[in-house]
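These notes concern the structure reproduced below.
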Amino acid sequence: MVNSNTYKQYFNIWLLLMFLTVITVGAAQFDFGSLNIPIAMLIASIKAGVVALHFMHLKYEDGMTWIFATYPIFLLFLLIAFSATDIFTRVVN
Amino acid sequence: MSQSHSFDKSYLEDGTGFKSWFFTHDHKRLGVMYLWAIGIFFILAAIASFLIRFEHLTPGQTIVDAQTYNVLFTLHGAVMVFLFIVPGVAASFGNFLIPLMIGARDVIFPKLNLYSFWVYCAGAIIFLIALAAPADTGWTFYTPYSIDTGANVILVTFGVFVLGFSSILTGINFIVSIHKLRAPGLTWDRLPLFCWAAYATSLLQVLATPVVGITLLLLIGERYFGLGFFDPAKGGDPVLFQHFFWFYSHPAVYIMILPAMGIISEVIPVFSRKPIFGYKAIAYSSLAIALISFLVWGHHMFVSGQSKLINIIFSVITFAVAVPTAIKVFNWLWTMYKGSIELSAAMLYSLAFIFLFTIGGLTGLFLGALAADVHLHDTYFVVAHMHYVMIGGTVFGLFSAIHFWYPKMWGKMFDEFKAKIAFVLIFIGFNIVFFPQFILGTLGMPRRYFNYSPEFATLHQISTYGTWILGIGFIIMLYALLRPISNKAEANPYKSASLEWAMPSPPPTLNFEKIPTLTASTYDYGTKLEQEA
Amino acid sequence: MPFMKFVKSLALPSEMLPPIIEEESHFDPETEHSAAKLGMWLFLATELLLFGGLFAAYAIFRAKYPEMFLEGSASLDVVLGTVNTVILIFSSYTVAIAVSAIQENRIRLVKWMLWITIICAAIFAVNKYFEYSYKISNGITPGTDIFYSIYYAATGVHMLHVFIGMAVLGVLLKKVNEGRYHKGNFTAIEIGGLYWHLVDLIWIYLFPLLYLA
Ligand code: HEM
Ligand SMILES: [Cu+2]
């Protein structure tokens, strides 16, 4: 798994992450209205994906690990979706 | 792996004294210690519940005052849930059985297993310390009361947080063990159903527990640092606490019941002398329960002020989660159909499980139906429902396991006759305690109330008398189990085909001298056996 | 042979046995390695859901009180937040190198990388300390409003993970110094590395959510 290329790859990944950090901060200087958060989350997710795939070696792992790595994201989505559905369709009288 | 363990000695003889137990890595000893621990906490919490019932013998004050009453039901609920039933069958019999059933020498992370036990002990000690200044919030710690009450909430919630860690670590251990340590030939479709159930339970433990962990941490933060998440005065939302709490606690009811279902799936075929019916349906329904149970938590919140839309959504999905459960019940019944049924004590508890759990499950559907729940919520109907599920289900399943694996665990035989007498008393007593509570609930008797109006007196009294029968039943059961009639058990007294019975009773510390290879399912015995004999 | 006894006691026709053929234990190093990784990923899943409660609270209250969040996040120090982001990402990079280096027995490189990672974590913590004390001295506490509740709770729980990560890395470093890890035994470093990456991952989300909202 480790070869002479590995470290160079890590370095490139690190550069990419730095670049994305610049974009994160840069994008925040502009107002995209309601898209602000989605854009910020998209960039963050790309960064997170890069870290997971390359630094955490998720790209070498088997399907089971992928399931365990991604299923909690679905559950988190569920938690947000259902509680938000309640809170924003509630009628207080 | 240490080679010093001999295969001629059983795990019980392999070292004596406190240290050989409290520092052991042996999954069987850990399982036994969990069993003792949950047993002790069960007795403690049961005593609290008998006091609650005694208080209800007459309207108004009978033996304790109102504040003590609040403390008692909180103590009862919290100890039963967090110290008894959530670790419960999974930590005790899961630890004892999973490696034996999958043909491994231990769980995959034996040291971690010991740490989980220590963390459990730490949580238990925190609970016991908290008894000095007990909480009065009920086991659910609902905000805003839990933020405002003068009682000590922080210590109990912290105890629950710690116990959650134990639960998570045990869950990880079981999942990875089942993935990585199955003996050659023990494919997923040959995996004993108890292991399937434990696997699904572990998934829930790993994925649901952290959410209640952060929720309780935030609750502590609200009381300690003035965080505002759940405090309406600060713009927070107390119902959000309920969302977070039930995101864990609904899956948690399956953490409580799934392992018991696994036990029933093991016991029924053995005493029906038939292969299990619908192996795949039972196995996959465990997984289905683990997945769907994350989608229904809001059925605990129908009258919390939750929005109408989400009420309807949750009510509808709740009915879906009943399907995999019903699948299991039908498969158990079908397994028994035309079998030669032997009514051993273990089998009696399993049969009672099917009967009582079905009542508990069906009344659960009443509560999941939005319109009915508006009337029934927070009444004794709920108390009756949950005890039919938790005692009629989980506790009866646990008792079935205690009797069934008794020879394997202790290398001794108990007196079936006494055990059956105990069973009859427990079964009758249980129904006398809790059936009237369904009626009380529909008549409008609210739960967690210290006082009640005189027209409820008769039903309350019947219920209280039932606890006395139940209590006597427990005592006889303990007596039968603690005084074995023979100090020698065969390897396989019940002629089960499962792997754990292939070892001497009790098994040696490292279980298998050579790791076995399986070429067939462990349920392939039964009718054919009798026909050819 | 207990199993043979078992077979006889069942008296099953032979084609129906759950038969057992003798074989070696498979509790072998390869299994242990892959199991440890799977276990760690499961643990990371629980960590993610632990923070999940905070992310969910953020989503809901941010939608409910947009102005409060804009104001609150404007009051946070973007420069300090960015510096901390850069530090954490760099420490993720160094830990990744350490994990690969140990597999080639490049022990000195491993030591260097672990040291750098720990120092990065320490700098992160010091920055956070200044940030907190500045806020608190201005009278801004967790109870000020919901935004600060989330700010303190999320960064606080994250900080706790930084400290745990530092402790883990410290123990690993100590054992590397003792010569305990090498090409044939590096699982612990890999697992510890995974944990540290998670600390970074969480921050990658917290940073834009809190500082740049
Ligand atoms: C040993 C026999 C048991 C008896 C006689 C019993 C009786 C009671 C009684 C009288 C209450 C109070 C009802 C109220 O006023 O709201 C109660 C509540 C409760 N019981 Fe039991 N119970 C028993 C076993 C169990 C078991 C095995 C569990 C398993 C988890 C359990 C879990 C609970 C819970 C969660 C509550 C709610 C506490 C609360 O309102 O905060 N009980 N029980
Ligand atoms: Cu529920």
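Convention: chains lettered A, B, ... in structure tokens order; per-chain residue numbering from 1; ligands numbered from 1 as shown.
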- Task: Excluding Pro29 (chain C) and any residue of its chain fewer than 3 positions from it, enumerate the residues within 10 Å of it, using only C-alpha atoms, and give them as number ranges by chain.
- Result: C: 26, 32-35, 184-185, 187
12 Å contacts from chain A to chain B using only C-alpha atoms, as number ranges by chain:
A: 64-65, 67-93
note - CA of Ile204 (chain C) and CA of Thr21 (chain A) are separated by 8.9 Å
Tell me the residues of chain B close to chain C, meaning within 7 Å using only C-alpha atoms, as a PyMOL selection string.
chain B and resi 172+176+180+206-207+210-211+213-215+225-229+234-236+492+495+502-504+514-522+524+529
File dump, residues just selected, N, CA, C and O atoms, as a short mmCIF file (atom, residue, chain, number, x, y, z; two decimals), in the first residue's frame:
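Wrote selection-v6.cif, looks like this:
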```
data_model
loop_
_atom_site.label_atom_id
_atom_site.label_comp_id
_atom_site.auth_asym_id
_atom_site.auth_seq_id
_atom_site.Cartn_x
_atom_site.Cartn_y
_atom_site.Cartn_z
N ILE B 172 -20.01 -2.54 19.45
CA ILE B 172 -18.93 -2.61 18.46
C ILE B 172 -18.28 -3.99 18.51
O ILE B 172 -18.04 -4.65 17.49
N VAL B 176 -18.28 -6.54 15.23
CA VAL B 176 -17.03 -6.95 14.58
C VAL B 176 -16.77 -8.44 14.80
O VAL B 176 -16.30 -9.13 13.90
N LYS B 180 -16.05 -10.93 11.79
CA LYS B 180 -14.70 -11.42 11.55
C LYS B 180 -14.41 -12.80 12.14
O LYS B 180 -13.43 -13.42 11.76
N VAL B 206 -24.92 0.97 18.75
CA VAL B 206 -23.84 1.80 18.24
C VAL B 206 -24.37 3.08 17.62
O VAL B 206 -23.80 4.15 17.79
N LEU B 207 -25.50 2.99 16.93
CA LEU B 207 -25.95 4.15 16.15
C LEU B 207 -26.92 5.05 16.89
O LEU B 207 -27.06 6.22 16.56
N PRO B 210 -25.21 7.32 20.83
CA PRO B 210 -24.53 8.61 20.89
C PRO B 210 -25.49 9.80 20.90
O PRO B 210 -25.17 10.83 21.48
N VAL B 211 -26.65 9.65 20.28
CA VAL B 211 -27.56 10.80 20.23
C VAL B 211 -28.12 11.09 21.63
O VAL B 211 -28.21 12.24 22.05
N GLY B 213 -26.55 10.36 24.23
CA GLY B 213 -25.36 10.83 24.94
C GLY B 213 -25.23 12.34 24.85
O GLY B 213 -25.14 13.03 25.87
N ILE B 214 -25.27 12.86 23.63
CA ILE B 214 -25.11 14.32 23.48
C ILE B 214 -26.30 15.04 24.09
O ILE B 214 -26.16 16.10 24.70
N THR B 215 -27.50 14.43 23.99
CA THR B 215 -28.68 15.08 24.55
C THR B 215 -28.54 15.27 26.05
O THR B 215 -28.81 16.35 26.58
N PHE B 225 -24.18 25.26 32.74
CA PHE B 225 -23.59 26.41 32.06
C PHE B 225 -24.64 27.35 31.49
O PHE B 225 -24.29 28.32 30.83
N GLY B 226 -25.90 27.02 31.66
CA GLY B 226 -26.93 27.91 31.14
C GLY B 226 -27.12 27.85 29.64
O GLY B 226 -27.58 28.81 29.03
N LEU B 227 -26.78 26.72 29.00
CA LEU B 227 -27.09 26.56 27.58
C LEU B 227 -28.60 26.71 27.38
O LEU B 227 -29.37 26.49 28.31
N GLY B 228 -29.01 27.07 26.14
CA GLY B 228 -30.42 27.39 25.97
C GLY B 228 -31.21 26.50 25.03
O GLY B 228 -32.36 26.80 24.73
N PHE B 229 -30.62 25.37 24.56
CA PHE B 229 -31.27 24.56 23.52
C PHE B 229 -32.71 24.19 23.85
O PHE B 229 -33.58 24.23 23.00
N LYS B 234 -35.07 30.96 26.81
CA LYS B 234 -33.92 31.46 26.05
C LYS B 234 -34.12 31.29 24.55
O LYS B 234 -33.19 31.39 23.78
N GLY B 235 -35.36 30.98 24.14
CA GLY B 235 -35.60 30.77 22.72
C GLY B 235 -35.39 29.32 22.30
O GLY B 235 -35.52 28.98 21.14
N GLY B 236 -35.07 28.47 23.24
CA GLY B 236 -34.89 27.05 22.93
C GLY B 236 -36.24 26.34 22.82
O GLY B 236 -37.29 26.95 22.97
N ASN B 492 -25.15 -31.86 26.41
CA ASN B 492 -26.28 -31.43 25.59
C ASN B 492 -27.59 -32.03 26.10
O ASN B 492 -28.20 -32.83 25.42
N LYS B 495 -30.59 -31.78 23.75
CA LYS B 495 -30.41 -32.24 22.37
C LYS B 495 -30.59 -31.11 21.37
O LYS B 495 -31.35 -31.21 20.40
N ALA B 502 -22.07 -28.31 21.73
CA ALA B 502 -21.07 -29.29 21.31
C ALA B 502 -19.89 -29.33 22.27
O ALA B 502 -18.99 -30.13 22.13
N MET B 503 -19.93 -28.44 23.26
CA MET B 503 -18.83 -28.38 24.22
C MET B 503 -19.29 -28.96 25.53
O MET B 503 -20.47 -29.06 25.79
N PRO B 504 -18.33 -29.32 26.39
CA PRO B 504 -18.74 -29.79 27.70
C PRO B 504 -19.47 -28.68 28.45
O PRO B 504 -19.30 -27.51 28.14
N LYS B 514 -9.83 -26.79 18.87
CA LYS B 514 -9.63 -26.52 17.44
C LYS B 514 -10.87 -25.79 16.95
O LYS B 514 -12.00 -26.18 17.29
N ILE B 515 -10.65 -24.76 16.15
CA ILE B 515 -11.80 -24.02 15.64
C ILE B 515 -12.56 -24.93 14.68
O ILE B 515 -11.99 -25.51 13.77
N PRO B 516 -13.87 -25.07 14.91
CA PRO B 516 -14.66 -25.99 14.09
C PRO B 516 -14.93 -25.44 12.69
O PRO B 516 -14.87 -24.25 12.47
N THR B 517 -15.25 -26.35 11.79
CA THR B 517 -15.75 -25.94 10.47
C THR B 517 -17.15 -26.50 10.30
O THR B 517 -17.39 -27.69 10.56
N LEU B 518 -18.07 -25.67 9.89
CA LEU B 518 -19.45 -26.13 9.76
C LEU B 518 -19.80 -26.38 8.30
O LEU B 518 -19.36 -25.65 7.42
N THR B 519 -20.60 -27.41 8.08
CA THR B 519 -21.03 -27.65 6.70
C THR B 519 -22.55 -27.63 6.58
O THR B 519 -23.08 -27.91 5.52
N ALA B 520 -23.25 -27.32 7.66
CA ALA B 520 -24.70 -27.26 7.56
C ALA B 520 -25.22 -26.29 8.60
O ALA B 520 -24.51 -25.92 9.53
N SER B 521 -26.46 -25.90 8.45
CA SER B 521 -27.08 -25.00 9.42
C SER B 521 -27.29 -25.72 10.74
O SER B 521 -27.46 -26.93 10.79
N THR B 522 -27.25 -24.94 11.82
CA THR B 522 -27.42 -25.56 13.13
C THR B 522 -28.89 -25.82 13.46
O THR B 522 -29.20 -26.25 14.55
N ASP B 524 -30.70 -27.79 11.40
CA ASP B 524 -31.10 -28.95 10.60
C ASP B 524 -31.29 -30.20 11.43
O ASP B 524 -30.64 -31.21 11.20
N LEU B 529 -35.12 -36.33 12.66
CA LEU B 529 -34.49 -37.09 13.72
C LEU B 529 -35.49 -38.08 14.32
O LEU B 529 -35.21 -39.26 14.45
#
```
Under the rule of at most 6 Å, produce a per-residue listing of chain B near ligand 1: chain, number, name, the closest pair of atoms, and the distance in Å, as a tab-separated table, using only C-alpha atoms and all ligand atoms.
```
residue	atom	partner	partner_atom_place_in_ligand_line	distance
B:Ala46	CA	ligand 1	1 (C)	4.3
B:Ser49	CA	ligand 1	7 (C)	4.6
B:Phe50	CA	ligand 1	5 (C)	5.5
B:Ile52	CA	ligand 1	10 (C)	5.2
B:Arg53	CA	ligand 1	10 (C)	5.0
B:Phe73	CA	ligand 1	38 (C)	5.2
B:Thr74	CA	ligand 1	41 (O)	4.8
B:Gly77	CA	ligand 1	38 (C)	3.9
B:Met80	CA	ligand 1	30 (C)	4.4
B:Val81	CA	ligand 1	30 (C)	4.3
B:Ile85	CA	ligand 1	30 (C)	5.4
B:Gly138	CA	ligand 1	41 (O)	3.3
B:Trp139	CA	ligand 1	41 (O)	4.2
B:Val383	CA	ligand 1	13 (C)	5.8
B:His387	CA	ligand 1	42 (N)	6.0
B:Met390	CA	ligand 1	29 (C)	5.1
B:Ile391	CA	ligand 1	27 (C)	4.9
B:Arg447	CA	ligand 1	16 (O)	3.6
B:Arg448	CA	ligand 1	16 (O)	3.4
B:Tyr449	CA	ligand 1	15 (O)	5.5
B:Thr467	CA	ligand 1	5 (C)	5.5
```
Restricting to only C-alpha atoms, whichever of A:Ala48, A:Leu58, A:Leu20, A:Leu35 is closest to chain C is A:Ala48
Let me see if you get this right: every residue at most 8 Å from ligand 2, counting only C-alpha atoms and all ligand atoms, written as an NGL selection string. :B and (246 or 249-251 or 253 or 293 or 296-300)
Selected residues, C-alpha atoms, written as a PDB file, in the first residue's frame, please.
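Printed below is result34.pdb as written:
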```pdb
ATOM      1  CA  TRP B 246     -36.756   9.409  21.485  1.00  0.00           C
ATOM      2  CA  SER B 249     -35.201   5.682  23.099  1.00  0.00           C
ATOM      3  CA  HIS B 250     -37.462   4.251  20.491  1.00  0.00           C
ATOM      4  CA  PRO B 251     -34.644   2.211  18.940  1.00  0.00           C
ATOM      5  CA  VAL B 253     -36.993  -0.461  23.027  1.00  0.00           C
ATOM      6  CA  SER B 293     -37.039   1.605  14.265  1.00  0.00           C
ATOM      7  CA  VAL B 296     -40.929   6.187  14.295  1.00  0.00           C
ATOM      8  CA  TRP B 297     -39.740   7.970  17.413  1.00  0.00           C
ATOM      9  CA  GLY B 298     -42.376  10.679  17.229  1.00  0.00           C
ATOM     10  CA  HIS B 299     -45.159   8.302  18.288  1.00  0.00           C
ATOM     11  CA  HIS B 300     -44.098   9.102  21.847  1.00  0.00           C
TER      12      HIS B 300
END
```
Self-check item: Non-local contacts of region 408-425 of chain B (7 Å; only C-alpha atoms; under 2 positions in same chain excluded) as a PyMOL selection string
Solution: chain B and resi 345+405-406+427-429+469-470+473-474+476-477+480-481+483-489+505-506
Q) If you count only C-alpha atoms, which residues fall within 7 Å of Val321 (chain B), apart from same-chain ones fewer than 2 positions away, as a ChimeraX atom specification? A) /B:289,292-293,317-319,323-324
Write the selection just made, keeping all heavy atoms, as an mmCIF file, in the first residue's frame?
```
data_model
loop_
_atom_site.group_PDB
_atom_site.id
_atom_site.type_symbol
_atom_site.label_atom_id
_atom_site.label_comp_id
_atom_site.auth_asym_id
_atom_site.auth_seq_id
_atom_site.Cartn_x
_atom_site.Cartn_y
_atom_site.Cartn_z
ATOM 1 N N ILE B 289 -36.107 -4.487 11.553
ATOM 2 C CA ILE B 289 -36.479 -3.752 12.765
ATOM 3 C C ILE B 289 -35.408 -2.725 13.089
ATOM 4 O O ILE B 289 -35.698 -1.569 13.410
ATOM 5 C CB ILE B 289 -36.682 -4.730 13.935
ATOM 6 C CG1 ILE B 289 -37.992 -5.486 13.751
ATOM 7 C CG2 ILE B 289 -36.689 -3.988 15.255
ATOM 8 C CD1 ILE B 289 -38.216 -6.554 14.786
ATOM 9 N N ILE B 292 -35.957 0.174 10.475
ATOM 10 C CA ILE B 292 -37.187 0.971 10.547
ATOM 11 C C ILE B 292 -37.350 1.653 11.898
ATOM 12 O O ILE B 292 -37.969 2.701 11.995
ATOM 13 C CB ILE B 292 -38.423 0.084 10.263
ATOM 14 C CG1 ILE B 292 -38.245 -0.666 8.947
ATOM 15 C CG2 ILE B 292 -39.683 0.938 10.160
ATOM 16 C CD1 ILE B 292 -39.377 -1.618 8.658
ATOM 17 N N SER B 293 -36.773 1.053 12.943
ATOM 18 C CA SER B 293 -37.039 1.605 14.265
ATOM 19 C C SER B 293 -36.496 3.017 14.422
ATOM 20 O O SER B 293 -36.845 3.710 15.368
ATOM 21 C CB SER B 293 -36.470 0.699 15.349
ATOM 22 O OG SER B 293 -35.079 0.664 15.246
ATOM 23 N N ILE B 317 -45.839 5.451 9.846
ATOM 24 C CA ILE B 317 -44.643 4.602 9.804
ATOM 25 C C ILE B 317 -44.639 3.608 10.956
ATOM 26 O O ILE B 317 -44.120 2.500 10.830
ATOM 27 C CB ILE B 317 -43.345 5.440 9.827
ATOM 28 C CG1 ILE B 317 -43.417 6.557 8.786
ATOM 29 C CG2 ILE B 317 -42.142 4.569 9.508
ATOM 30 C CD1 ILE B 317 -42.180 7.431 8.783
ATOM 31 N N THR B 318 -45.239 4.012 12.087
ATOM 32 C CA THR B 318 -45.256 3.116 13.232
ATOM 33 C C THR B 318 -45.899 1.777 12.879
ATOM 34 O O THR B 318 -45.460 0.718 13.334
ATOM 35 C CB THR B 318 -46.008 3.772 14.398
ATOM 36 O OG1 THR B 318 -45.297 4.939 14.803
ATOM 37 C CG2 THR B 318 -46.106 2.827 15.578
ATOM 38 N N PHE B 319 -46.933 1.848 12.046
ATOM 39 C CA PHE B 319 -47.580 0.592 11.697
ATOM 40 C C PHE B 319 -46.659 -0.293 10.872
ATOM 41 O O PHE B 319 -46.761 -1.513 10.915
ATOM 42 C CB PHE B 319 -48.903 0.869 10.973
ATOM 43 C CG PHE B 319 -49.981 1.246 11.945
ATOM 44 C CD1 PHE B 319 -50.075 2.537 12.443
ATOM 45 C CD2 PHE B 319 -50.860 0.285 12.418
ATOM 46 C CE1 PHE B 319 -51.032 2.873 13.376
ATOM 47 C CE2 PHE B 319 -51.821 0.620 13.358
ATOM 48 C CZ PHE B 319 -51.907 1.923 13.846
ATOM 49 N N VAL B 323 -44.732 -4.832 11.224
ATOM 50 C CA VAL B 323 -44.726 -5.947 10.274
ATOM 51 C C VAL B 323 -43.603 -6.954 10.556
ATOM 52 O O VAL B 323 -43.881 -8.149 10.738
ATOM 53 C CB VAL B 323 -44.670 -5.428 8.821
ATOM 54 C CG1 VAL B 323 -44.518 -6.566 7.842
ATOM 55 C CG2 VAL B 323 -45.909 -4.613 8.515
ATOM 56 N N PRO B 324 -42.344 -6.502 10.616
ATOM 57 C CA PRO B 324 -41.291 -7.491 10.889
ATOM 58 C C PRO B 324 -41.486 -8.213 12.220
ATOM 59 O O PRO B 324 -41.127 -9.395 12.343
ATOM 60 C CB PRO B 324 -39.998 -6.669 10.887
ATOM 61 C CG PRO B 324 -40.380 -5.249 10.840
ATOM 62 C CD PRO B 324 -41.771 -5.164 10.343
#
```
Could you please write out, as an MDAnalysis selection string, every residue of region 27-91 of chain B that DSSP assigns to helix (DSSP H, G or I)?
chainID B and resid 27:55 66:85 88:91
I need the residues in chain C that are strand (DSSP E or B) according to DSSP; give them as a PDB file with C-alpha atoms, in the first residue's frame.
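Saved to selection06.pdb:
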```pdb
ATOM      1  CA  ILE C  20     -17.065 -29.991  12.166  1.00  0.00           C
ATOM      2  CA  GLU C  23      -8.897 -26.450  11.525  1.00  0.00           C
ATOM      3  CA  HIS C 182       7.069  -1.380  13.439  1.00  0.00           C
ATOM      4  CA  ASN C 185       2.687  -4.062  14.189  1.00  0.00           C
TER       5      ASN C 185
END
```
- Item | Distance query region 99-102 of chain C at most 12 Å, only C-alpha atoms, self and fewer than 2 positions along chain excluded, as a PyMOL selection string | (chain A and resi 1-10+54-57) or (chain C and resi 92-97+104-114+169+172-173+176+179-194+196-197)
Just to confirm, what's the straight-line distance from CA of His460 (chain B) to CA of Gln61 (chain B) in Å (one decimal)?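 CA of Gln61 (chain B) lies at a distance of 13.7 Å from CA of His460 (chain B).
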Worksheet item: Distance CA of Ile255 (chain B)-CA of Ile312 (chain B), one decimal place?
Response: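 Distance reported for this atom pair: 25.2 Å.
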query: Pick the closest to chain C from A:Phe30, A:Phe19, A:Trp14, A:Asp62: which is it, counting only C-alpha atoms?
result: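 Under the stated criterion, the closest residue is A:Trp14.
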For Leu76 (chain C), find every residue with an atom within 12 Å (counting only C-alpha atoms), except residues of its own chain fewer than 5 positions away, and show them as a list in words.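 Once the nearby chain positions are removed, what remains is Phe69, Leu70, Glu71, Gly81, Thr82, Lys128, Glu131, Tyr132, Tyr134, Lys135, Ile140, Phe147, Tyr148, Tyr151, Tyr152, Phe207, Pro208, Leu209, Leu210, Tyr211, Leu212 and Ala213 of chain C.
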